[in-house]
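Novice: For reference, the structure I am asking about is given below.
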Amino acid sequence: MDAEVETLTVDIDGWEGPLDLLLALARTQKVDLRAISILELVEQYLDFIDHARALRLEVAADYLVMAAWLAYLKSALLLPRDPEQEPSPEEMALRLQLRLERLGAMRDAGARLLGGDRLGRDVFRRPAPEGLRTVRKAAWQADLYDLIAAYGRVSARTRPVMHIVADRPVMTLEAALERVARLVGEAIDWATIEAFLPADAGGAFRRSALASSFLASLELARQGRVELRQQAPFAPLYLRRPA
Amino acid sequence: MIDGYVRAVEAVLFAADEPLGIEAIRGHAGDGDVRAALATLADHYAGRGIELVRRGDRWHFQTAADLAHLLRRDREEPRKLSRAGVETLAIIAYHEPVTRAEIEAIRGVQISKGTVDVLMEAGWVRPAGRREVPGRPLTYATTPQFLAHFGLASRRDLPGIDDLRAAGLLDPVDLAFENAEVANPDEDA
Amino acid sequence: MIDGYVRAVEAVLFAADEPLGIEAIRGHAGDGDVRAALATLADHYAGRGIELVRRGDRWHFQTAADLAHLLRRDREEPRKLSRAGVETLAIIAYHEPVTRAEIEAIRGVQISKGTVDVLMEAGWVRPAGRREVPGRPLTYATTPQFLAHFGLASRRDLPGIDDLRAAGLLDPVDLAFENAEVANPDEDA
């Protein structure tokens with residue numbers, strides 16, 4: 001047993017962490033991990049670390065943390081039981097044993113996996129198969145409506161187009177200017193802009209007259225020939241001759 | 001039961017990355033009657049999906065020649081023709097035979113080479129000789145597949161300009177807007 | 001005489017450069033009973049130098065495993081995995097889907113970033129979604145290529161997985177610990 005520990009000492013850098021080292025030490029006990037002596041394992045580990053440090057080998061911190069924890073576990077296992085202690089030393093020992101079992105199981109599984117019939121090592125596929133190809137071909141879609149609508153669009157875009165403006169009843173700006181200037185001269189007090197529209201105006205002509213009269217009012221106000229007043233946005237607009 | 005040496009030769013040929021000669025096969029499969037094994041295999045595979053074939057004095061497995069078409073599959077994927085594609089096709093259909101420059105003049109926009117290529121790939125457009133003018137530009141026309149695809153007996157079935165106008169397909173945008181207003185005179189009443 | 005469809009499936013699998021699933025086979029061989037054809041072929045090739053094998057839900061031809069000694073010479077070893085790599089791969093395969101923290105809990109040591117990267121680069125391991133716990137850690141699982149490479153018909157064929165599961169060795173320590181306590185209530189009496 002000592003001789004085996006000795007050979008392990010040489011390889012301090014070869015371990016993948018304290019659990020890995022513990023598993024290797026546990027395996028030197030040559031028993032099923034379920035029957036492992038945790039106390040003996042703790043001794044092995046502490047001896048190993050002491051030995052490594054005696055040889056002035058660098059020992060990483062996590063190995064030392066494990067050593068401290070194992071030393072604590074050892075004393076807890078050996079000293080008279082403190083019933084208040086949670087978790088109990090036996091539970092800690094069992095947890096350690098379960099973790100070793102799991103790591104051991106995965107290590108064995110990995111070895112068996114690698115030892116199987118691996119493609120490219122034990123079994124081979126054809127090195128240069130013909131290969132399968134799927135050639136994607138576009139099936140272009142368009143229907144007759146798309147076609148004639150497109151032609152209509154092109155024609156509309158490029159053919160000369162005659163614009164016909166429908167004859168609509170309008171009051172021109174010139175007429176409105178003349179009318180508002182004349183009427184405001186007759187008025188004495190503030191009057192709403194509607195009062196300046198022809199009494200018989202209706203529909204589209206009334207809207208046109210209102211728009212033109214509004215523009216005319218602005219122009220006359222700019223010339224100082226009329227005063228405007230409005231209390232709030234969209235409130236009635238009043239006009240009068242300047243005082 | 002297959003002979004042990006035959007199956008060794010079978011595996012060696014399958015795993016080889018090039019046709020193998022008799023000696024190369026023996027080098028892997030070990031001593032044995034390679035020729036007899038090859039004859040047995042050739043016989044066994046005759047008529048299967050895989051064949052053992054001889055190329056000069058080398059042997060290899062290959063897919064049965066008559067099944068080569070299985071290895072390359074064409075798959076059609078529906079794709080919508082682009083706006084430029086439809087317009088170009090429409091111009092060709094209405095004006096054929098027509099040159100690229102004429103198509104561009106009618107469309108008022110340049111067309112990329114890919115646009116006509118797509119129409120030819122679809123089988124709707126074909127080159128239709130050269131126009132006898134300087135530069136002898138290629139002209140394009142539609143194909144019988146074009147008529148079949150669009151359900152036309154002949155190009156004369158395409159609606160004329162008057163039909164298009166009657167269908168409202170020629171209306172410029174601003175005129176269409178004006179009509180919409182007239183149609184709803186009380187909209188803001 | 002070999003059935004025409006079986007022959008087509010045989011040719012398609014022979015020509016394929018990767019294991020094929022049922023749909024991919026049908027995509028090339030055409031409509032037919034792919035499963036029946038596969039069963040016929042697997043039966044036909046059993047014991048020959050070439051075998052038809054199932055890996056996950058894909059199929060491919062490969063040389064018979066017992067002929068490895070004839071074919072192995074002059075070939076490069078597949079990539080050599082580090083011990084950390086082998087253990088990590090085993091843990092992922094036997095526990096998938098599994099988080100990095102769970103892998104580290106079993107190995108008792110942190111895994112370097114490179115370890116999982118190497119397994120992913122080899123195509124054996126893939127990210128398999130996040131675990132819905134605080135931090136939403138990424139989980140890892142094996143790929144179809146993993147099964148193909150290691151010669152497994154499915155994850156159920158992982159060596160010893162049934163025994164490991166029955167022994168509770170695939171359960172986390174905490175769970176196993178509770179079970180152990182229940183099983184041995186008088187252990188520390």
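Residues are referred to by chain and number: the chain letter is A, B, ... according to the order shown in the structure tokens, the number counts from 1 in that chain, and ligands are numbered separately from 1 in the order shown.
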Identify all residues of range 89-140 of chain A in helix (DSSP H, G or I) (DSSP on the backbone) and supply them as a PDB file with all heavy atoms, in the first residue's frame.

Specialist:
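Saved file out13.pdb follows:
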```pdb
ATOM      1  N   PRO A  89     -21.104  13.342  11.230  1.00  0.00           N
ATOM      2  CA  PRO A  89     -19.898  12.879  10.523  1.00  0.00           C
ATOM      3  C   PRO A  89     -20.203  11.706   9.587  1.00  0.00           C
ATOM      4  O   PRO A  89     -19.645  11.621   8.498  1.00  0.00           O
ATOM      5  CB  PRO A  89     -18.970  12.427  11.641  1.00  0.00           C
ATOM      6  CG  PRO A  89     -19.526  12.980  12.893  1.00  0.00           C
ATOM      7  CD  PRO A  89     -20.956  13.318  12.679  1.00  0.00           C
ATOM      8  N   GLU A  90     -21.118  10.845  10.005  1.00  0.00           N
ATOM      9  CA  GLU A  90     -21.461   9.700   9.151  1.00  0.00           C
ATOM     10  C   GLU A  90     -22.096  10.168   7.852  1.00  0.00           C
ATOM     11  O   GLU A  90     -21.852   9.609   6.789  1.00  0.00           O
ATOM     12  CB  GLU A  90     -22.417   8.732   9.878  1.00  0.00           C
ATOM     13  CG  GLU A  90     -21.765   7.888  10.946  1.00  0.00           C
ATOM     14  CD  GLU A  90     -21.442   8.683  12.210  1.00  0.00           C
ATOM     15  OE1 GLU A  90     -22.016   9.789  12.381  1.00  0.00           O
ATOM     16  OE2 GLU A  90     -20.605   8.227  12.994  1.00  0.00           O
ATOM     17  N   GLU A  91     -22.935  11.218   7.978  1.00  0.00           N
ATOM     18  CA  GLU A  91     -23.562  11.731   6.762  1.00  0.00           C
ATOM     19  C   GLU A  91     -22.508  12.321   5.831  1.00  0.00           C
ATOM     20  O   GLU A  91     -22.532  12.105   4.616  1.00  0.00           O
ATOM     21  CB  GLU A  91     -24.607  12.799   7.125  1.00  0.00           C
ATOM     22  CG  GLU A  91     -25.275  13.382   5.887  1.00  0.00           C
ATOM     23  CD  GLU A  91     -26.310  14.460   6.208  1.00  0.00           C
ATOM     24  OE1 GLU A  91     -26.878  14.425   7.307  1.00  0.00           O
ATOM     25  OE2 GLU A  91     -26.541  15.322   5.344  1.00  0.00           O
ATOM     26  N   MET A  92     -21.566  13.043   6.404  1.00  0.00           N
ATOM     27  CA  MET A  92     -20.506  13.640   5.575  1.00  0.00           C
ATOM     28  C   MET A  92     -19.702  12.544   4.894  1.00  0.00           C
ATOM     29  O   MET A  92     -19.357  12.641   3.712  1.00  0.00           O
ATOM     30  CB  MET A  92     -19.590  14.516   6.443  1.00  0.00           C
ATOM     31  CG  MET A  92     -20.291  15.765   6.973  1.00  0.00           C
ATOM     32  SD  MET A  92     -19.117  16.992   7.601  1.00  0.00           S
ATOM     33  CE  MET A  92     -18.532  16.170   9.082  1.00  0.00           C
ATOM     34  N   ALA A  93     -19.402  11.488   5.643  1.00  0.00           N
ATOM     35  CA  ALA A  93     -18.622  10.382   5.080  1.00  0.00           C
ATOM     36  C   ALA A  93     -19.400   9.703   3.964  1.00  0.00           C
ATOM     37  O   ALA A  93     -18.845   9.366   2.904  1.00  0.00           O
ATOM     38  CB  ALA A  93     -18.280   9.377   6.177  1.00  0.00           C
ATOM     39  N   LEU A  94     -20.709   9.534   4.200  1.00  0.00           N
ATOM     40  CA  LEU A  94     -21.534   8.876   3.183  1.00  0.00           C
ATOM     41  C   LEU A  94     -21.604   9.729   1.915  1.00  0.00           C
ATOM     42  O   LEU A  94     -21.527   9.229   0.796  1.00  0.00           O
ATOM     43  CB  LEU A  94     -22.938   8.622   3.745  1.00  0.00           C
ATOM     44  CG  LEU A  94     -23.927   7.968   2.780  1.00  0.00           C
ATOM     45  CD1 LEU A  94     -23.389   6.649   2.237  1.00  0.00           C
ATOM     46  CD2 LEU A  94     -25.279   7.745   3.458  1.00  0.00           C
ATOM     47  N   ARG A  95     -21.739  11.037   2.103  1.00  0.00           N
ATOM     48  CA  ARG A  95     -21.776  11.931   0.939  1.00  0.00           C
ATOM     49  C   ARG A  95     -20.490  11.819   0.130  1.00  0.00           C
ATOM     50  O   ARG A  95     -20.513  11.789  -1.101  1.00  0.00           O
ATOM     51  CB  ARG A  95     -21.959  13.386   1.379  1.00  0.00           C
ATOM     52  CG  ARG A  95     -23.401  13.734   1.676  1.00  0.00           C
ATOM     53  CD  ARG A  95     -23.536  15.196   2.075  1.00  0.00           C
ATOM     54  NE  ARG A  95     -24.939  15.510   2.303  1.00  0.00           N
ATOM     55  CZ  ARG A  95     -25.780  15.890   1.350  1.00  0.00           C
ATOM     56  NH1 ARG A  95     -25.345  16.029   0.109  1.00  0.00           N
ATOM     57  NH2 ARG A  95     -27.043  16.121   1.624  1.00  0.00           N
ATOM     58  N   LEU A  96     -19.376  11.781   0.825  1.00  0.00           N
ATOM     59  CA  LEU A  96     -18.091  11.664   0.129  1.00  0.00           C
ATOM     60  C   LEU A  96     -18.036  10.354  -0.657  1.00  0.00           C
ATOM     61  O   LEU A  96     -17.625  10.319  -1.822  1.00  0.00           O
ATOM     62  CB  LEU A  96     -16.946  11.725   1.145  1.00  0.00           C
ATOM     63  CG  LEU A  96     -15.546  11.568   0.542  1.00  0.00           C
ATOM     64  CD1 LEU A  96     -15.267  12.653  -0.484  1.00  0.00           C
ATOM     65  CD2 LEU A  96     -14.476  11.589   1.639  1.00  0.00           C
ATOM     66  N   GLN A  97     -18.505   9.294   0.008  1.00  0.00           N
ATOM     67  CA  GLN A  97     -18.481   7.992  -0.661  1.00  0.00           C
ATOM     68  C   GLN A  97     -19.383   7.993  -1.896  1.00  0.00           C
ATOM     69  O   GLN A  97     -19.019   7.479  -2.948  1.00  0.00           O
ATOM     70  CB  GLN A  97     -18.926   6.919   0.331  1.00  0.00           C
ATOM     71  CG  GLN A  97     -18.860   5.512  -0.229  1.00  0.00           C
ATOM     72  CD  GLN A  97     -20.217   4.849  -0.205  1.00  0.00           C
ATOM     73  OE1 GLN A  97     -20.926   4.952   0.785  1.00  0.00           O
ATOM     74  NE2 GLN A  97     -20.587   4.203  -1.302  1.00  0.00           N
ATOM     75  N   LEU A  98     -20.569   8.637  -1.782  1.00  0.00           N
ATOM     76  CA  LEU A  98     -21.497   8.704  -2.926  1.00  0.00           C
ATOM     77  C   LEU A  98     -20.887   9.496  -4.084  1.00  0.00           C
ATOM     78  O   LEU A  98     -21.032   9.132  -5.243  1.00  0.00           O
ATOM     79  CB  LEU A  98     -22.827   9.337  -2.495  1.00  0.00           C
ATOM     80  CG  LEU A  98     -23.710   8.497  -1.566  1.00  0.00           C
ATOM     81  CD1 LEU A  98     -24.922   9.311  -1.108  1.00  0.00           C
ATOM     82  CD2 LEU A  98     -24.165   7.215  -2.243  1.00  0.00           C
ATOM     83  N   ARG A  99     -20.191  10.567  -3.734  1.00  0.00           N
ATOM     84  CA  ARG A  99     -19.581  11.369  -4.798  1.00  0.00           C
ATOM     85  C   ARG A  99     -18.495  10.574  -5.507  1.00  0.00           C
ATOM     86  O   ARG A  99     -18.372  10.630  -6.733  1.00  0.00           O
ATOM     87  CB  ARG A  99     -18.984  12.661  -4.217  1.00  0.00           C
ATOM     88  CG  ARG A  99     -20.021  13.636  -3.722  1.00  0.00           C
ATOM     89  CD  ARG A  99     -19.373  14.939  -3.304  1.00  0.00           C
ATOM     90  NE  ARG A  99     -18.879  15.681  -4.465  1.00  0.00           N
ATOM     91  CZ  ARG A  99     -18.069  16.737  -4.373  1.00  0.00           C
ATOM     92  NH1 ARG A  99     -17.642  17.149  -3.190  1.00  0.00           N
ATOM     93  NH2 ARG A  99     -17.683  17.379  -5.453  1.00  0.00           N
ATOM     94  N   LEU A 100     -17.725   9.821  -4.725  1.00  0.00           N
ATOM     95  CA  LEU A 100     -16.665   9.012  -5.343  1.00  0.00           C
ATOM     96  C   LEU A 100     -17.266   7.942  -6.252  1.00  0.00           C
ATOM     97  O   LEU A 100     -16.759   7.672  -7.336  1.00  0.00           O
ATOM     98  CB  LEU A 100     -15.801   8.363  -4.252  1.00  0.00           C
ATOM     99  CG  LEU A 100     -14.910   9.333  -3.477  1.00  0.00           C
ATOM    100  CD1 LEU A 100     -14.231   8.618  -2.307  1.00  0.00           C
ATOM    101  CD2 LEU A 100     -13.852   9.948  -4.402  1.00  0.00           C
ATOM    102  N   GLU A 101     -18.363   7.360  -5.783  1.00  0.00           N
ATOM    103  CA  GLU A 101     -19.029   6.341  -6.604  1.00  0.00           C
ATOM    104  C   GLU A 101     -19.466   6.914  -7.935  1.00  0.00           C
ATOM    105  O   GLU A 101     -19.336   6.275  -8.981  1.00  0.00           O
ATOM    106  CB  GLU A 101     -20.279   5.826  -5.867  1.00  0.00           C
ATOM    107  CG  GLU A 101     -20.088   4.612  -5.019  1.00  0.00           C
ATOM    108  CD  GLU A 101     -21.445   4.067  -4.620  1.00  0.00           C
ATOM    109  OE1 GLU A 101     -21.984   3.236  -5.374  1.00  0.00           O
ATOM    110  OE2 GLU A 101     -21.987   4.508  -3.580  1.00  0.00           O
ATOM    111  N   ARG A 102     -20.042   8.121  -7.884  1.00  0.00           N
ATOM    112  CA  ARG A 102     -20.534   8.733  -9.117  1.00  0.00           C
ATOM    113  C   ARG A 102     -19.409   9.077 -10.076  1.00  0.00           C
ATOM    114  O   ARG A 102     -19.508   8.836 -11.276  1.00  0.00           O
ATOM    115  CB  ARG A 102     -21.365   9.974  -8.778  1.00  0.00           C
ATOM    116  CG  ARG A 102     -22.802   9.615  -8.497  1.00  0.00           C
ATOM    117  CD  ARG A 102     -23.518  10.569  -7.596  1.00  0.00           C
ATOM    118  NE  ARG A 102     -24.842  10.018  -7.314  1.00  0.00           N
ATOM    119  CZ  ARG A 102     -25.058   8.965  -6.557  1.00  0.00           C
ATOM    120  NH1 ARG A 102     -24.035   8.343  -5.986  1.00  0.00           N
ATOM    121  NH2 ARG A 102     -26.278   8.506  -6.370  1.00  0.00           N
ATOM    122  N   LEU A 103     -18.353   9.658  -9.528  1.00  0.00           N
ATOM    123  CA  LEU A 103     -17.220   9.986 -10.394  1.00  0.00           C
ATOM    124  C   LEU A 103     -16.623   8.694 -10.968  1.00  0.00           C
ATOM    125  O   LEU A 103     -16.301   8.615 -12.158  1.00  0.00           O
ATOM    126  CB  LEU A 103     -16.165  10.770  -9.609  1.00  0.00           C
ATOM    127  CG  LEU A 103     -14.935  11.178 -10.435  1.00  0.00           C
ATOM    128  CD1 LEU A 103     -15.341  12.041 -11.613  1.00  0.00           C
ATOM    129  CD2 LEU A 103     -13.920  11.916  -9.559  1.00  0.00           C
ATOM    130  N   GLY A 104     -16.509   7.679 -10.110  1.00  0.00           N
ATOM    131  CA  GLY A 104     -15.957   6.396 -10.561  1.00  0.00           C
ATOM    132  C   GLY A 104     -16.813   5.797 -11.672  1.00  0.00           C
ATOM    133  O   GLY A 104     -16.290   5.302 -12.676  1.00  0.00           O
ATOM    134  N   ALA A 105     -18.126   5.885 -11.512  1.00  0.00           N
ATOM    135  CA  ALA A 105     -19.036   5.320 -12.515  1.00  0.00           C
ATOM    136  C   ALA A 105     -18.859   6.019 -13.851  1.00  0.00           C
ATOM    137  O   ALA A 105     -18.815   5.377 -14.907  1.00  0.00           O
ATOM    138  CB  ALA A 105     -20.483   5.452 -12.035  1.00  0.00           C
ATOM    139  N   MET A 106     -18.737   7.350 -13.816  1.00  0.00           N
ATOM    140  CA  MET A 106     -18.594   8.095 -15.064  1.00  0.00           C
ATOM    141  C   MET A 106     -17.233   7.846 -15.707  1.00  0.00           C
ATOM    142  O   MET A 106     -17.099   7.804 -16.922  1.00  0.00           O
ATOM    143  CB  MET A 106     -18.814   9.594 -14.820  1.00  0.00           C
ATOM    144  CG  MET A 106     -20.282   9.952 -14.621  1.00  0.00           C
ATOM    145  SD  MET A 106     -21.276   9.474 -16.075  1.00  0.00           S
ATOM    146  CE  MET A 106     -22.117   8.044 -15.465  1.00  0.00           C
ATOM    147  N   ARG A 107     -16.210   7.681 -14.870  1.00  0.00           N
ATOM    148  CA  ARG A 107     -14.885   7.397 -15.433  1.00  0.00           C
ATOM    149  C   ARG A 107     -14.908   6.039 -16.143  1.00  0.00           C
ATOM    150  O   ARG A 107     -14.394   5.895 -17.246  1.00  0.00           O
ATOM    151  CB  ARG A 107     -13.843   7.401 -14.319  1.00  0.00           C
ATOM    152  CG  ARG A 107     -12.459   7.101 -14.849  1.00  0.00           C
ATOM    153  CD  ARG A 107     -11.412   7.644 -13.940  1.00  0.00           C
ATOM    154  NE  ARG A 107     -11.629   9.061 -13.720  1.00  0.00           N
ATOM    155  CZ  ARG A 107     -11.081   9.741 -12.723  1.00  0.00           C
ATOM    156  NH1 ARG A 107     -10.310   9.136 -11.839  1.00  0.00           N
ATOM    157  NH2 ARG A 107     -11.311  11.021 -12.597  1.00  0.00           N
ATOM    158  N   ASP A 108     -15.538   5.055 -15.516  1.00  0.00           N
ATOM    159  CA  ASP A 108     -15.626   3.726 -16.146  1.00  0.00           C
ATOM    160  C   ASP A 108     -16.454   3.801 -17.416  1.00  0.00           C
ATOM    161  O   ASP A 108     -16.118   3.193 -18.445  1.00  0.00           O
ATOM    162  CB  ASP A 108     -16.270   2.727 -15.185  1.00  0.00           C
ATOM    163  CG  ASP A 108     -15.389   2.481 -13.964  1.00  0.00           C
ATOM    164  OD1 ASP A 108     -14.199   2.853 -14.026  1.00  0.00           O
ATOM    165  OD2 ASP A 108     -15.886   1.925 -12.965  1.00  0.00           O
ATOM    166  N   ALA A 109     -17.553   4.570 -17.345  1.00  0.00           N
ATOM    167  CA  ALA A 109     -18.436   4.684 -18.508  1.00  0.00           C
ATOM    168  C   ALA A 109     -17.675   5.299 -19.678  1.00  0.00           C
ATOM    169  O   ALA A 109     -17.780   4.836 -20.817  1.00  0.00           O
ATOM    170  CB  ALA A 109     -19.659   5.526 -18.168  1.00  0.00           C
ATOM    171  N   GLY A 110     -16.878   6.330 -19.384  1.00  0.00           N
ATOM    172  CA  GLY A 110     -16.100   6.981 -20.426  1.00  0.00           C
ATOM    173  C   GLY A 110     -15.130   5.998 -21.075  1.00  0.00           C
ATOM    174  O   GLY A 110     -14.980   5.961 -22.292  1.00  0.00           O
ATOM    175  N   ALA A 111     -14.493   5.196 -20.247  1.00  0.00           N
ATOM    176  CA  ALA A 111     -13.529   4.213 -20.764  1.00  0.00           C
ATOM    177  C   ALA A 111     -14.233   3.188 -21.635  1.00  0.00           C
ATOM    178  O   ALA A 111     -13.724   2.792 -22.682  1.00  0.00           O
ATOM    179  CB  ALA A 111     -12.808   3.532 -19.601  1.00  0.00           C
ATOM    180  N   ARG A 112     -15.419   2.754 -21.210  1.00  0.00           N
ATOM    181  CA  ARG A 112     -16.144   1.759 -22.007  1.00  0.00           C
ATOM    182  C   ARG A 112     -16.625   2.352 -23.324  1.00  0.00           C
ATOM    183  O   ARG A 112     -16.607   1.699 -24.365  1.00  0.00           O
ATOM    184  CB  ARG A 112     -17.336   1.211 -21.201  1.00  0.00           C
ATOM    185  CG  ARG A 112     -16.885   0.326 -20.047  1.00  0.00           C
ATOM    186  CD  ARG A 112     -18.038  -0.103 -19.189  1.00  0.00           C
ATOM    187  NE  ARG A 112     -18.888  -1.098 -19.854  1.00  0.00           N
ATOM    188  CZ  ARG A 112     -20.000  -1.592 -19.293  1.00  0.00           C
ATOM    189  NH1 ARG A 112     -20.384  -1.162 -18.099  1.00  0.00           N
ATOM    190  NH2 ARG A 112     -20.705  -2.487 -19.934  1.00  0.00           N
ATOM    191  N   LEU A 113     -17.029   3.625 -23.243  1.00  0.00           N
ATOM    192  CA  LEU A 113     -17.464   4.325 -24.449  1.00  0.00           C
ATOM    193  C   LEU A 113     -16.305   4.382 -25.454  1.00  0.00           C
ATOM    194  O   LEU A 113     -16.462   4.059 -26.630  1.00  0.00           O
ATOM    195  CB  LEU A 113     -17.869   5.748 -24.045  1.00  0.00           C
ATOM    196  CG  LEU A 113     -18.916   6.485 -24.853  1.00  0.00           C
ATOM    197  CD1 LEU A 113     -20.161   5.646 -25.038  1.00  0.00           C
ATOM    198  CD2 LEU A 113     -19.272   7.784 -24.105  1.00  0.00           C
ATOM    199  N   LEU A 114     -15.147   4.761 -24.976  1.00  0.00           N
ATOM    200  CA  LEU A 114     -13.984   4.877 -25.845  1.00  0.00           C
ATOM    201  C   LEU A 114     -13.509   3.518 -26.341  1.00  0.00           C
ATOM    202  O   LEU A 114     -12.875   3.422 -27.390  1.00  0.00           O
ATOM    203  CB  LEU A 114     -12.843   5.576 -25.089  1.00  0.00           C
ATOM    204  CG  LEU A 114     -12.567   7.004 -25.493  1.00  0.00           C
ATOM    205  CD1 LEU A 114     -13.808   7.849 -25.413  1.00  0.00           C
ATOM    206  CD2 LEU A 114     -11.472   7.605 -24.639  1.00  0.00           C
ATOM    207  N   GLY A 115     -13.808   2.490 -25.573  1.00  0.00           N
ATOM    208  CA  GLY A 115     -13.348   1.161 -25.949  1.00  0.00           C
ATOM    209  C   GLY A 115     -14.272   0.476 -26.939  1.00  0.00           C
ATOM    210  O   GLY A 115     -13.963  -0.606 -27.437  1.00  0.00           O
TER     211      GLY A 115
END
```

Novice: At most 6 Å is the cut-off: for each residue in chain C with any atom that close to an atom of chain B, write down the nearest atom pair and the distance in Å rounded to one decimal, counting only C-alpha atoms, chain first then increasing number, as a Markdown table.

Specialist:
```
| residue | atom | partner | partner_atom | distance |
| --- | --- | --- | --- | --- |
| C:Arg7 | CA | B:Gly49 | CA | 4.5 |
| C:Ala8 | CA | B:Gly49 | CA | 5.9 |
| C:Glu10 | CA | B:Gly49 | CA | 5.3 |
| C:Ala11 | CA | B:Gly49 | CA | 4.4 |
| C:His28 | CA | B:Leu70 | CA | 5.4 |
| C:Arg48 | CA | B:Arg7 | CA | 5.5 |
| C:Gly49 | CA | B:Arg7 | CA | 4.2 |
| C:Ile50 | CA | B:Ala11 | CA | 5.7 |
| C:Thr63 | CA | B:Ala11 | CA | 5.5 |
| C:Leu70 | CA | B:His28 | CA | 5.5 |
```

Novice: Would you kindly report the residues of chain B within 7 Å of chain A, using only C-alpha atoms, as a ChimeraX atom specification?

Specialist: /B:14-17,71-81,86-87,90-91,106-108,122,150,164,169-172

Novice: Using only C-alpha atoms, which protein or nucleic acid residues come within 12 Å of Pro169 in chain A? Drop anything in the same chain fewer than 2 positions from it, and give the result as a list in words.

Specialist: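 Once the adjacent positions are removed, what remains is Ala166, Asp167, Met171, Thr172, Ala201, Gly202, Gly203, Ala204, Phe205, Arg206, Arg207, Ser208 and Ala209 of chain A.
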
Novice: Export, as an mmCIF file, in the first residue's frame, the selected residues with C-alpha atoms.

Specialist:
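Now in again10.cif:
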```cif
data_model
loop_
_atom_site.group_PDB
_atom_site.id
_atom_site.type_symbol
_atom_site.label_atom_id
_atom_site.label_comp_id
_atom_site.auth_asym_id
_atom_site.auth_seq_id
_atom_site.Cartn_x
_atom_site.Cartn_y
_atom_site.Cartn_z
ATOM 1 C CA ALA A 166 -63.793 69.354 -63.110
ATOM 2 C CA ASP A 167 -65.636 72.729 -63.236
ATOM 3 C CA MET A 171 -64.864 82.166 -55.176
ATOM 4 C CA THR A 172 -61.462 83.394 -56.335
ATOM 5 C CA ALA A 201 -73.776 80.478 -50.716
ATOM 6 C CA GLY A 202 -74.066 76.779 -49.885
ATOM 7 C CA GLY A 203 -72.194 73.494 -50.218
ATOM 8 C CA ALA A 204 -68.894 73.477 -52.086
ATOM 9 C CA PHE A 205 -69.213 77.181 -53.050
ATOM 10 C CA ARG A 206 -69.636 78.216 -49.411
ATOM 11 C CA ARG A 207 -66.522 76.264 -48.396
ATOM 12 C CA SER A 208 -64.588 77.887 -51.249
ATOM 13 C CA ALA A 209 -65.876 81.355 -50.296
#
```

Novice: Need the shell around range 151-153 of chain C: protein/DNA/RNA residues with any atom at most 7 Å away, counting only C-alpha atoms. Skip same-chain ones fewer than 5 positions apart. Format as a list in words?

Specialist: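 That gives Asp117, Arg118 and Leu119 of chain A; Arg54, Arg55, Gly56 and Leu158 of chain C.
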
Novice: Please produce an output containing C-alpha atoms for each residue in the selection, written as a PDB file, in the first residue's frame.

Specialist:
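Okay, result_31.pdb is ready:
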```
ATOM      1  CA  ASP A 117     -16.401   0.158 -31.921  1.00  0.00           C
ATOM      2  CA  ARG A 118     -15.608   3.684 -32.919  1.00  0.00           C
ATOM      3  CA  LEU A 119     -16.281   5.005 -36.374  1.00  0.00           C
TER       4      LEU A 119
ATOM      5  CA  ARG C  54     -29.028   2.097 -37.047  1.00  0.00           C
ATOM      6  CA  ARG C  55     -27.693   5.091 -35.128  1.00  0.00           C
ATOM      7  CA  GLY C  56     -30.431   7.001 -33.396  1.00  0.00           C
ATOM      8  CA  LEU C 158     -24.744   3.322 -23.614  1.00  0.00           C
TER       9      LEU C 158
END
```

Novice: Hey, what does DSSP flag as strand (DSSP E or B) within range 90-163 of chain C? Can you give it to me as an MDAnalysis selection string?

Specialist: chainID C and resid 98:99 125:130 138:142
